[in-house]
$ cat input.cif   # mmCIF, C-alpha atoms
data_run
loop_
_atom_site.label_atom_id
_atom_site.label_comp_id
_atom_site.auth_asym_id
_atom_site.auth_seq_id
_atom_site.Cartn_x
_atom_site.Cartn_y
_atom_site.Cartn_z
CA MET A 1 71.53 119.11 86.94
CA GLN A 2 75.10 120.29 87.73
CA ALA A 3 75.80 121.07 84.05
CA ASN A 4 72.68 123.25 83.81
CA PHE A 5 73.59 124.95 87.09
CA ASN A 6 77.10 125.81 85.87
CA GLN A 7 75.73 127.16 82.56
CA PHE A 8 73.27 129.32 84.52
CA LEU A 9 76.06 130.86 86.63
CA THR A 10 78.32 131.44 83.63
CA LEU A 11 75.57 133.28 81.76
CA ILE A 12 74.65 135.52 84.69
CA ARG A 13 78.27 136.42 85.45
CA ALA A 14 79.13 137.17 81.82
CA GLN A 15 76.32 139.69 81.55
CA HIS A 16 77.79 141.77 84.38
CA MET A 17 81.54 141.62 83.81
CA VAL A 18 81.49 144.99 82.07
CA GLU A 19 80.01 146.82 85.05
CA LYS A 20 82.43 149.08 86.91
CA ALA A 21 80.45 151.32 89.25
CA LEU A 22 79.19 149.84 92.50
CA VAL A 23 75.51 149.00 92.40
CA LYS A 24 73.66 150.61 95.31
CA VAL A 25 71.54 147.96 97.02
CA GLY A 26 68.81 149.02 99.41
CA ILE A 27 68.33 146.22 101.96
CA LEU A 28 64.74 146.65 103.16
CA PHE A 29 64.09 144.92 106.48
CA GLY A 30 62.02 144.93 109.67
CA GLY A 31 58.42 145.55 108.75
CA LYS A 32 55.01 146.01 110.30
CA SER A 33 54.58 142.29 110.87
CA VAL A 34 54.67 139.59 113.54
CA GLU A 35 57.73 138.29 111.65
CA HIS A 36 59.60 141.56 112.23
CA GLU A 37 62.27 139.99 114.44
CA VAL A 38 62.90 137.15 111.97
CA SER A 39 63.44 139.77 109.28
CA LEU A 40 66.20 141.40 111.32
CA LEU A 41 68.04 138.10 111.64
CA SER A 42 67.69 137.41 107.91
CA ALA A 43 68.80 140.93 106.98
CA LYS A 44 71.97 140.71 109.05
CA ASN A 45 73.07 137.60 107.13
CA VAL A 46 72.23 139.19 103.77
CA MET A 47 74.18 142.36 104.65
CA ASP A 48 77.17 140.36 105.91
CA ALA A 49 77.19 138.35 102.66
CA LEU A 50 76.91 141.32 100.29
CA ASP A 51 79.91 141.53 97.96
CA LEU A 52 81.23 145.02 98.69
CA ASP A 53 83.52 144.87 95.66
CA ARG A 54 80.40 144.92 93.48
CA PHE A 55 77.69 146.48 95.63
CA GLU A 56 77.20 149.41 97.99
CA LEU A 57 74.98 148.73 101.02
CA VAL A 58 72.07 151.06 101.82
CA PRO A 59 70.22 149.73 104.92
CA ILE A 60 66.54 150.73 105.07
CA PHE A 61 64.77 149.79 108.29
CA VAL A 62 60.98 149.61 108.54
CA ASP A 63 59.89 149.86 112.18
CA LYS A 64 56.70 148.38 113.61
CA ALA A 65 54.95 151.72 113.19
CA GLY A 66 55.62 151.49 109.45
CA ARG A 67 58.24 154.23 109.30
CA TRP A 68 61.15 153.87 106.84
CA LEU A 69 64.55 154.92 108.17
CA LEU A 70 68.05 154.96 106.70
CA VAL A 71 70.29 153.46 109.38
CA ASP A 72 74.02 152.96 109.74
CA SER A 73 73.98 149.37 110.97
CA LEU A 74 71.81 146.53 112.16
CA ASP A 75 73.58 145.77 115.44
CA SER A 76 71.75 148.35 117.55
CA LEU A 77 68.40 147.21 116.17
CA LEU A 78 69.08 143.60 117.10
CA GLU A 79 69.88 144.73 120.64
CA GLU A 80 66.57 146.60 120.89
CA THR A 81 64.25 143.80 119.77
CA GLU A 82 63.80 142.60 123.35
CA SER A 83 62.08 145.90 124.17
CA GLY A 84 59.21 145.20 121.78
CA GLY A 85 60.25 145.47 118.17
CA ALA A 86 62.98 148.06 117.79
CA VAL A 87 60.86 151.18 117.32
CA ILE A 88 63.71 153.66 117.22
CA ASN A 89 64.08 157.40 117.11
CA HIS A 90 67.40 157.52 115.26
CA GLY A 91 67.91 157.26 111.53
CA GLN A 92 66.85 159.40 108.60
CA LEU A 93 63.14 159.16 107.77
CA VAL A 94 62.82 158.42 104.04
CA SER A 95 60.25 157.44 101.46
CA PHE A 96 60.08 156.30 97.84
CA PHE A 97 57.61 158.05 95.57
CA PRO A 98 55.97 157.12 92.23
CA GLY A 99 58.31 157.57 89.28
CA GLY A 100 61.28 158.37 91.49
CA LYS A 101 63.51 155.74 89.86
CA GLY A 102 65.05 154.65 93.14
CA ARG A 103 65.11 158.06 94.80
CA LEU A 104 64.60 157.95 98.58
CA VAL A 105 63.46 161.40 99.69
CA HIS A 106 64.64 162.54 103.13
CA LEU A 107 61.43 163.61 104.84
CA SER A 108 63.21 166.01 107.21
CA ASP A 109 64.63 167.88 104.21
CA MET A 110 62.66 167.26 101.02
CA ALA A 111 65.48 168.69 98.92
CA SER A 112 67.82 165.89 100.06
CA SER A 113 67.67 162.34 98.81
CA THR A 114 69.51 159.02 98.56
CA TYR A 115 69.42 156.86 95.44
CA VAL A 116 69.43 153.09 95.19
CA ASP A 117 69.78 151.02 92.02
CA VAL A 118 67.94 147.97 93.32
CA VAL A 119 66.07 146.93 96.45
CA PHE A 120 66.44 143.62 98.27
CA PRO A 121 63.31 143.17 100.41
CA VAL A 122 64.14 140.98 103.40
CA LEU A 123 60.63 141.39 104.79
CA HIS A 124 58.72 138.38 106.05
CA GLY A 125 54.95 138.26 106.48
CA SER A 126 52.26 140.83 105.82
CA CYS A 127 53.20 144.13 104.16
CA GLY A 128 56.46 142.53 103.06
CA GLU A 129 55.98 139.47 100.87
CA ASP A 130 52.29 139.81 100.04
CA GLY A 131 52.65 142.17 97.07
CA SER A 132 52.36 145.40 99.08
CA ILE A 133 56.03 146.40 98.99
CA GLN A 134 56.37 144.99 95.49
CA GLY A 135 53.60 147.29 94.25
CA LEU A 136 55.19 150.31 95.90
CA LEU A 137 58.59 149.52 94.39
CA LYS A 138 57.05 148.98 90.97
CA LEU A 139 55.38 152.40 91.13
CA ALA A 140 58.66 153.91 92.31
CA GLY A 141 60.36 152.49 89.22
CA VAL A 142 63.12 150.59 91.00
CA PRO A 143 64.19 146.94 90.48
CA TYR A 144 63.63 144.60 93.43
CA VAL A 145 64.63 141.07 94.34
CA GLY A 146 62.05 138.29 94.38
CA SER A 147 58.63 137.73 92.90
CA GLU A 148 56.57 140.50 91.37
CA ILE A 149 53.19 141.65 92.69
CA ILE A 150 51.06 138.72 91.54
CA GLY A 151 53.53 136.00 92.51
CA SER A 152 54.05 137.57 95.92
CA ALA A 153 50.32 137.89 96.61
CA ILE A 154 49.55 134.35 95.45
CA GLY A 155 52.45 132.81 97.35
CA MET A 156 51.44 134.58 100.54
CA ASP A 157 47.87 133.28 100.52
CA LYS A 158 47.96 129.56 101.33
CA ASP A 159 44.32 129.12 100.30
CA VAL A 160 44.75 130.67 96.84
CA SER A 161 48.12 129.04 96.19
CA LYS A 162 46.86 125.56 97.16
CA ARG A 163 43.81 125.91 94.93
CA LEU A 164 45.98 126.95 91.97
CA LEU A 165 48.39 124.09 92.57
CA ARG A 166 45.51 121.63 92.81
CA GLU A 167 44.03 122.99 89.58
CA ALA A 168 47.39 122.40 87.88
CA GLY A 169 47.43 118.79 89.02
CA ILE A 170 50.05 119.30 91.72
CA PRO A 171 49.11 117.32 94.85
CA VAL A 172 48.29 119.22 98.06
CA ALA A 173 46.77 118.15 101.38
CA PRO A 174 42.95 118.36 101.75
CA PHE A 175 41.94 121.58 103.55
CA TYR A 176 39.16 124.03 104.38
CA ALA A 177 39.53 127.81 104.28
CA PHE A 178 37.38 130.14 106.37
CA LYS A 179 37.01 133.90 106.44
CA ARG A 180 36.28 135.88 109.55
CA GLY A 181 32.52 135.79 110.17
CA ASP A 182 31.95 132.42 108.46
CA VAL A 183 29.81 129.88 110.27
CA ILE A 184 32.12 126.93 110.91
CA ASP A 185 30.78 123.44 111.54
CA CYS A 186 33.76 121.91 113.34
CA ARG A 187 32.31 118.42 113.43
CA LYS A 188 31.68 118.43 109.68
CA VAL A 189 35.24 119.61 109.04
CA LEU A 190 36.69 116.83 111.18
CA GLU A 191 34.42 114.21 109.64
CA GLU A 192 36.11 114.92 106.31
CA LEU A 193 39.68 115.71 107.41
CA GLY A 194 39.95 113.47 110.47
CA LEU A 195 42.24 114.09 113.44
CA PRO A 196 44.72 115.53 113.98
CA VAL A 197 44.49 118.68 111.85
CA PHE A 198 46.61 121.78 111.53
CA VAL A 199 45.07 125.23 111.92
CA LYS A 200 47.02 128.13 110.47
CA PRO A 201 46.57 131.76 109.38
CA ALA A 202 46.26 131.83 105.59
CA SER A 203 48.80 134.59 105.00
CA LEU A 204 51.54 134.29 107.58
CA GLY A 205 54.82 132.41 107.68
CA SER A 206 57.34 131.24 110.28
CA SER A 207 54.60 129.05 111.81
CA VAL A 208 53.10 132.07 113.58
CA GLY A 209 49.60 131.27 114.86
CA VAL A 210 49.84 127.60 113.81
CA ALA A 211 48.36 124.90 116.05
CA LYS A 212 48.10 121.14 115.87
CA VAL A 213 44.62 120.03 117.00
CA GLU A 214 44.22 116.47 118.25
CA ASP A 215 40.65 116.49 119.63
CA VAL A 216 37.27 117.91 118.62
CA SER A 217 37.07 120.29 121.55
CA GLY A 218 40.28 122.10 120.59
CA LEU A 219 39.42 123.02 117.01
CA GLN A 220 37.31 126.13 117.60
CA ALA A 221 39.83 127.55 120.07
CA ALA A 222 42.66 127.04 117.58
CA ILE A 223 40.63 128.73 114.84
CA ASP A 224 39.85 131.69 117.12
CA ALA A 225 43.55 132.01 117.98
CA ALA A 226 44.57 131.97 114.30
CA PHE A 227 42.00 134.67 113.50
CA LYS A 228 43.92 137.01 115.82
CA PHE A 229 46.67 137.07 113.19
CA ASP A 230 44.73 136.91 109.92
CA ALA A 231 41.29 137.45 108.39
CA LYS A 232 41.40 134.01 106.74
CA VAL A 233 42.28 130.69 108.35
CA LEU A 234 43.06 127.21 107.01
CA VAL A 235 42.18 123.89 108.59
CA GLU A 236 44.35 121.27 106.95
CA LYS A 237 44.49 117.49 107.12
CA PHE A 238 47.49 116.14 109.02
CA ILE A 239 49.93 114.41 106.68
CA GLU A 240 52.28 111.87 108.19
CA GLY A 241 55.57 112.13 106.38
CA ARG A 242 59.01 113.66 106.17
CA GLU A 243 59.37 117.43 105.64
CA ILE A 244 61.35 117.96 102.45
CA GLU A 245 62.40 121.32 100.98
CA CYS A 246 63.85 122.55 97.71
CA ALA A 247 65.09 125.99 96.61
CA VAL A 248 64.35 127.59 93.24
CA LEU A 249 66.36 130.39 91.59
CA GLY A 250 65.76 132.23 88.33
CA ASN A 251 63.24 134.11 86.24
CA ASP A 252 61.89 132.57 83.02
CA ASP A 253 64.15 129.49 83.20
CA PRO A 254 64.57 128.77 86.91
CA ILE A 255 66.69 125.99 88.33
CA ALA A 256 66.19 123.87 91.45
CA SER A 257 68.70 123.07 94.19
CA VAL A 258 69.54 119.81 95.84
CA VAL A 259 66.87 118.52 98.23
CA GLY A 260 67.00 118.92 102.01
CA GLU A 261 65.07 117.62 105.01
CA ILE A 262 63.95 119.23 108.26
CA SER A 263 63.25 117.15 111.34
CA SER A 264 62.26 118.56 114.72
CA SER A 265 61.96 117.22 118.23
CA HIS A 266 59.01 119.58 118.68
CA ASP A 267 55.49 118.36 117.91
CA PHE A 268 55.81 120.23 114.60
CA TYR A 269 58.17 122.73 112.99
CA SER A 270 57.04 125.64 115.16
CA TYR A 271 58.31 129.22 115.44
CA GLU A 272 60.37 128.21 118.49
CA ALA A 273 61.89 125.27 116.62
CA LYS A 274 62.76 127.48 113.65
CA TYR A 275 64.33 130.43 115.43
CA VAL A 276 64.70 129.88 119.19
CA ASP A 277 65.53 126.30 120.14
CA LYS A 278 68.38 125.50 117.77
CA LYS A 279 68.90 122.08 119.35
CA ALA A 280 65.35 121.04 118.45
CA VAL A 281 65.94 121.07 114.70
CA LYS A 282 68.05 118.89 112.47
CA LEU A 283 68.74 120.07 108.94
CA THR A 284 69.98 117.43 106.49
CA VAL A 285 71.35 118.96 103.29
CA PRO A 286 71.38 117.21 100.93
CA VAL A 287 69.04 114.49 102.13
CA ASN A 288 69.68 110.85 101.31
CA ILE A 289 66.55 109.83 99.42
CA ASP A 290 65.88 107.84 96.27
CA PRO A 291 67.30 109.83 93.30
CA THR A 292 64.03 109.38 91.43
CA ILE A 293 62.13 111.03 94.29
CA ALA A 294 64.70 113.83 94.51
CA ASP A 295 64.28 114.51 90.79
CA ARG A 296 60.51 114.55 91.27
CA VAL A 297 60.88 117.10 94.09
CA ARG A 298 62.99 119.37 91.88
CA ALA A 299 60.58 119.06 88.95
CA LEU A 300 57.55 119.81 91.13
CA SER A 301 59.39 122.76 92.69
CA VAL A 302 60.03 124.39 89.32
CA GLN A 303 56.49 123.57 88.16
CA SER A 304 55.02 125.12 91.31
CA PHE A 305 57.24 128.18 90.81
CA HIS A 306 55.76 128.68 87.33
CA VAL A 307 52.14 127.90 88.30
CA LEU A 308 52.22 130.47 91.12
CA CYS A 309 53.79 133.16 88.89
CA CYS A 310 57.02 133.42 90.90
CA THR A 311 60.26 135.06 89.82
CA GLY A 312 63.68 135.42 91.38
CA MET A 313 63.53 132.98 94.26
CA ALA A 314 61.31 130.68 96.25
CA ARG A 315 61.52 127.76 98.64
CA VAL A 316 59.04 124.94 98.07
CA ASP A 317 58.09 122.69 100.99
CA PHE A 318 56.86 119.10 100.64
CA PHE A 319 55.60 116.15 102.62
CA LEU A 320 57.13 112.83 101.62
CA SER A 321 55.03 109.83 102.67
CA LYS A 322 56.35 106.34 103.38
CA ASP A 323 54.97 105.11 100.05
CA GLY A 324 57.08 107.70 98.20
CA SER A 325 54.20 110.04 97.33
CA LEU A 326 54.76 113.80 97.51
CA LEU A 327 52.46 116.66 98.52
CA VAL A 328 53.36 120.34 98.18
CA ASN A 329 52.84 121.99 101.56
CA GLU A 330 53.56 125.61 100.63
CA ILE A 331 55.79 128.02 98.76
CA ASN A 332 57.73 130.88 100.31
CA THR A 333 58.63 133.76 97.99
CA ILE A 334 60.91 135.51 100.54
CA PRO A 335 62.45 132.57 102.37
CA GLY A 336 64.44 133.06 105.53
CA PHE A 337 68.12 133.97 105.37
CA THR A 338 68.94 133.33 109.03
CA SER A 339 71.73 130.97 110.14
CA MET A 340 69.10 128.19 110.41
CA SER A 341 67.35 128.88 107.11
CA MET A 342 67.15 126.21 104.43
CA TYR A 343 67.17 128.39 101.31
CA PRO A 344 70.82 129.51 101.47
CA LEU A 345 71.91 126.13 102.90
CA LEU A 346 70.33 124.29 99.97
CA TRP A 347 72.17 126.48 97.46
CA GLN A 348 75.44 126.16 99.33
CA ALA A 349 75.12 122.36 99.10
CA THR A 350 74.37 122.75 95.38
CA GLY A 351 77.56 124.70 94.83
CA LEU A 352 76.47 128.33 95.17
CA VAL A 353 78.06 130.02 98.18
CA TYR A 354 76.10 132.56 100.21
CA ARG A 355 77.82 135.65 98.79
CA GLU A 356 77.33 134.52 95.19
CA LEU A 357 73.70 133.62 95.89
CA ILE A 358 72.97 137.17 97.09
CA SER A 359 74.75 138.56 94.02
CA GLN A 360 72.75 136.33 91.65
CA LEU A 361 69.45 137.37 93.23
CA ILE A 362 70.30 141.06 92.78
CA GLU A 363 71.37 140.51 89.18
CA LEU A 364 68.22 138.54 88.37
CA ALA A 365 66.14 141.44 89.72
CA MET A 366 67.94 143.94 87.52
CA GLN A 367 67.60 141.71 84.47
CA ARG A 368 63.85 141.32 84.99
CA PHE A 369 63.43 145.06 85.48
CA ALA A 370 65.34 145.81 82.27
CA MET A 371 63.13 143.38 80.33
CA ASN A 372 59.96 144.93 81.74
CA GLU A 373 61.19 148.40 80.82
CA GLU A 374 61.25 147.32 77.18
CA LEU A 375 57.50 146.62 77.20
CA LYS A 376 55.39 149.13 75.27
CA THR A 377 53.20 151.53 77.24
CA SER A 378 51.49 153.03 74.18
CA PHE A 379 49.36 151.49 71.44
#
$ encode --input "input.cif" --output "structure tokens"
Amino acid sequence: MQANFNQFLTLIRAQHMVEKALVKVGILFGGKSVEHEVSLLSAKNVMDALDLDRFELVPIFVDKAGRWLLVDSLDSLLEETESGGAVINHGQLVSFFPGGKGRLVHLSDMASSTYVDVVFPVLHGSCGEDGSIQGLLKLAGVPYVGSEIIGSAIGMDKDVSKRLLREAGIPVAPFYAFKRGDVIDCRKVLEELGLPVFVKPASLGSSVGVAKVEDVSGLQAAIDAAFKFDAKVLVEKFIEGREIECAVLGNDDPIASVVGEISSSHDFYSYEAKYVDKKAVKLTVPVNIDPTIADRVRALSVQSFHVLCCTGMARVDFFLSKDGSLLVNEINTIPGFTSMSMYPLLWQATGLVYRELISQLIELAMQRFAMNEELKTSF
């Protein structure tokens, strides 16, 4: 694996040695999402890691009202999150437009604009990693980091992604999916899945709206609570096992990182455990497991990446049972970049430091965009 990894880095670096001008990178963060605050934490780490000898930083903040603003720094925004999501009145209101090739128009003065060469979306949750932003950036004609529209949309919807994985022969936990307005027979669901079960919004991350249900009476209440965050909800069989994660990087020929493990003193890996109570979580990178199982995790990660039409990056989460069997839990196409996030930690343990990881992701985005630009639009 190390030989392939080194070849990958050498190829990427060689293709960009001739570049002289700084590449303008628009870091897009915040968002109209319940994961807004997580995005701010991720964005700060990405900005701090950006190689300023190669790239020029252009911070673009999306507030909870959906406004896009050019800002000078992230520090003031982090200070304002306690007041309800950093809806600010400072910063230059901007917008991309179709065919603008990276031009951000200043809405206060339509004759003024700022250009970016590539966008790095550090947006978690709805309107950020579900294909929405990706579609806008595609129409605007600007390269962007991460999966394209279809991979983003599929990866965001746990119901659709699990069905596609299952169809491809990749093992997933048994589950039911319900849309708002469906008639739900809780007893029938539990007869098949047993107790406990997990209830989760189909298209959210960071464990927002997730509940572990351990008795029949609690299922409907958990479903109702999850529907407050999403129009589709999953009820999933509880799998007893270790939580294993692997990072994937690349486009057509992606590579997988070493394998890590997350353990939590909380009942499950909740939002609080991920981002609030740092003492509750133990991250083991790399994890000491049978090499054959580790190889299987990496192979399934790359296979899942392809099946779900991903590009650029993804983190694939697994359950590892005592008998050595693996189940794919989910895929995350814009994984966290906070100080407690597994994606950058996994690559660091593989040999790719944070700054170089960010550089590689930007370069992969520009490569993919250049390849797509060569496609014919006339017949």
$ residues_around --input "input.cif" --residues "Phe238 of chain A" --least-positions-apart "6" --cutoff "9 Å" --atoms "only C-alpha atoms" --output "list in words"
Ala173, Pro174, Leu193, Gly194, Leu195, Pro196, Val197, Phe198 and Lys212 of chain A
$ atom_distance --input "input.cif" --atom1 "atom CA of Ser108 of chain A" --atom2 "atom CA of Leu93 of chain A"
6.9 Å
$ closest_residue --input "input.cif" --among "A:Ala211, A:Ala299, A:Leu357, A:Val58" --to "Gly102 of chain A" --atoms "only C-alpha atoms"
A:Val58
$ resolve_selection --input "input.cif" --expression "the PyMOL selection byres ((chain A and resi 330) around 10)" --output "list of chain:residue names"
A:Gly155, A:Met156, A:Asp157, A:Lys158, A:Asp159, A:Ser161, A:Lys162, A:Leu165, A:Val172, A:Gly205, A:Glu245, A:Ser304, A:Arg315, A:Val316, A:Asp317, A:Phe318, A:Phe319, A:Leu327, A:Val328, A:Asn329, A:Ile331, A:Asn332, A:Thr333
$ resolve_selection --input "input.cif" --expression "the PyMOL selection byres ((chain A and resi 235) around 6)" --output "list in words"
Phe175, Tyr176, Phe198, Val199, Leu234 and Glu236 of chain A
$ resolve_selection --input "input.cif" --expression "the PyMOL selection byres ((chain A and resi 120) around 8)" --output "ChimeraX atom specification"
/A:25-28,118-119,121-122,144-146,362
$ atom_distance --input "input.cif" --atom1 "atom CA of Arg180 of chain A" --atom2 "atom CA of Gly209 of chain A"
15.1 Å
$ residues_around --input "input.cif" --residues "Ser257 of chain A" --least-positions-apart "5" --cutoff "8 Å" --atoms "all atoms listed in the file" --output "list in words"
Cys246, Ala247, Val248, Arg298, Leu346, Trp347 and Thr350 of chain A
$ write_last_selection --input "input.cif" --atoms "C-alpha atoms" --output "PDB file, in the frame of the given file"
ATOM      1  CA  CYS A 246      63.850 122.550  97.710  1.00  0.00           C
ATOM      2  CA  ALA A 247      65.090 125.990  96.610  1.00  0.00           C
ATOM      3  CA  VAL A 248      64.350 127.590  93.240  1.00  0.00           C
ATOM      4  CA  ARG A 298      62.990 119.370  91.880  1.00  0.00           C
ATOM      5  CA  LEU A 346      70.330 124.290  99.970  1.00  0.00           C
ATOM      6  CA  TRP A 347      72.170 126.480  97.460  1.00  0.00           C
ATOM      7  CA  THR A 350      74.370 122.750  95.380  1.00  0.00           C
TER       8      THR A 350
END
$ closest_residue --input "input.cif" --among "A:Phe227, A:Leu136, A:Leu190, A:Asp215" --to "Phe178 of chain A" --atoms "only C-alpha atoms"
A:Phe227
$ atom_distance --input "input.cif" --atom1 "atom CA of Ala231 of chain A" --atom2 "atom CA of Pro201 of chain A"
7.8 Å
$ closest_residue --input "input.cif" --among "A:Glu356, A:Asp63, A:Asp323, A:Asp109" --to "Glu37 of chain A" --atoms "all atoms listed in the file"
A:Asp63
$ residues_around --input "input.cif" --residues "Lys32 of chain A" --least-positions-apart "6" --cutoff "7 Å" --atoms "all atoms listed in the file" --output "list in words"
Asp63, Lys64, Ala65, Gly66 and Cys127 of chain A
$ residues_near_point --input "input.cif" --point "(69.9, 150.4, 106.7)" --cutoff "7 Å" --atoms "only C-alpha atoms" --output "VMD selection string"
chain A and resid 27 58 to 61 70 to 74
$ residues_around --input "input.cif" --residues "Ser217 of chain A" --least-positions-apart "3" --cutoff "12 Å" --atoms "only C-alpha atoms" --output "ChimeraX atom specification"
/A:186-187,190,195-196,213-214,220-223
$ closest_residue --input "input.cif" --among "A:Ala225, A:Ala349, A:Ala21, A:Met313" --to "Gly336 of chain A" --atoms "only C-alpha atoms"
A:Met313
$ closest_residue --input "input.cif" --among "A:Met110, A:Met366, A:Leu283, A:Met47" --to "Phe96 of chain A" --atoms "all atoms listed in the file"
A:Met110
$ closest_residue --input "input.cif" --among "A:Ile334, A:Leu326, A:Met340, A:Val302" --to "Ala280 of chain A" --atoms "only C-alpha atoms"
A:Met340
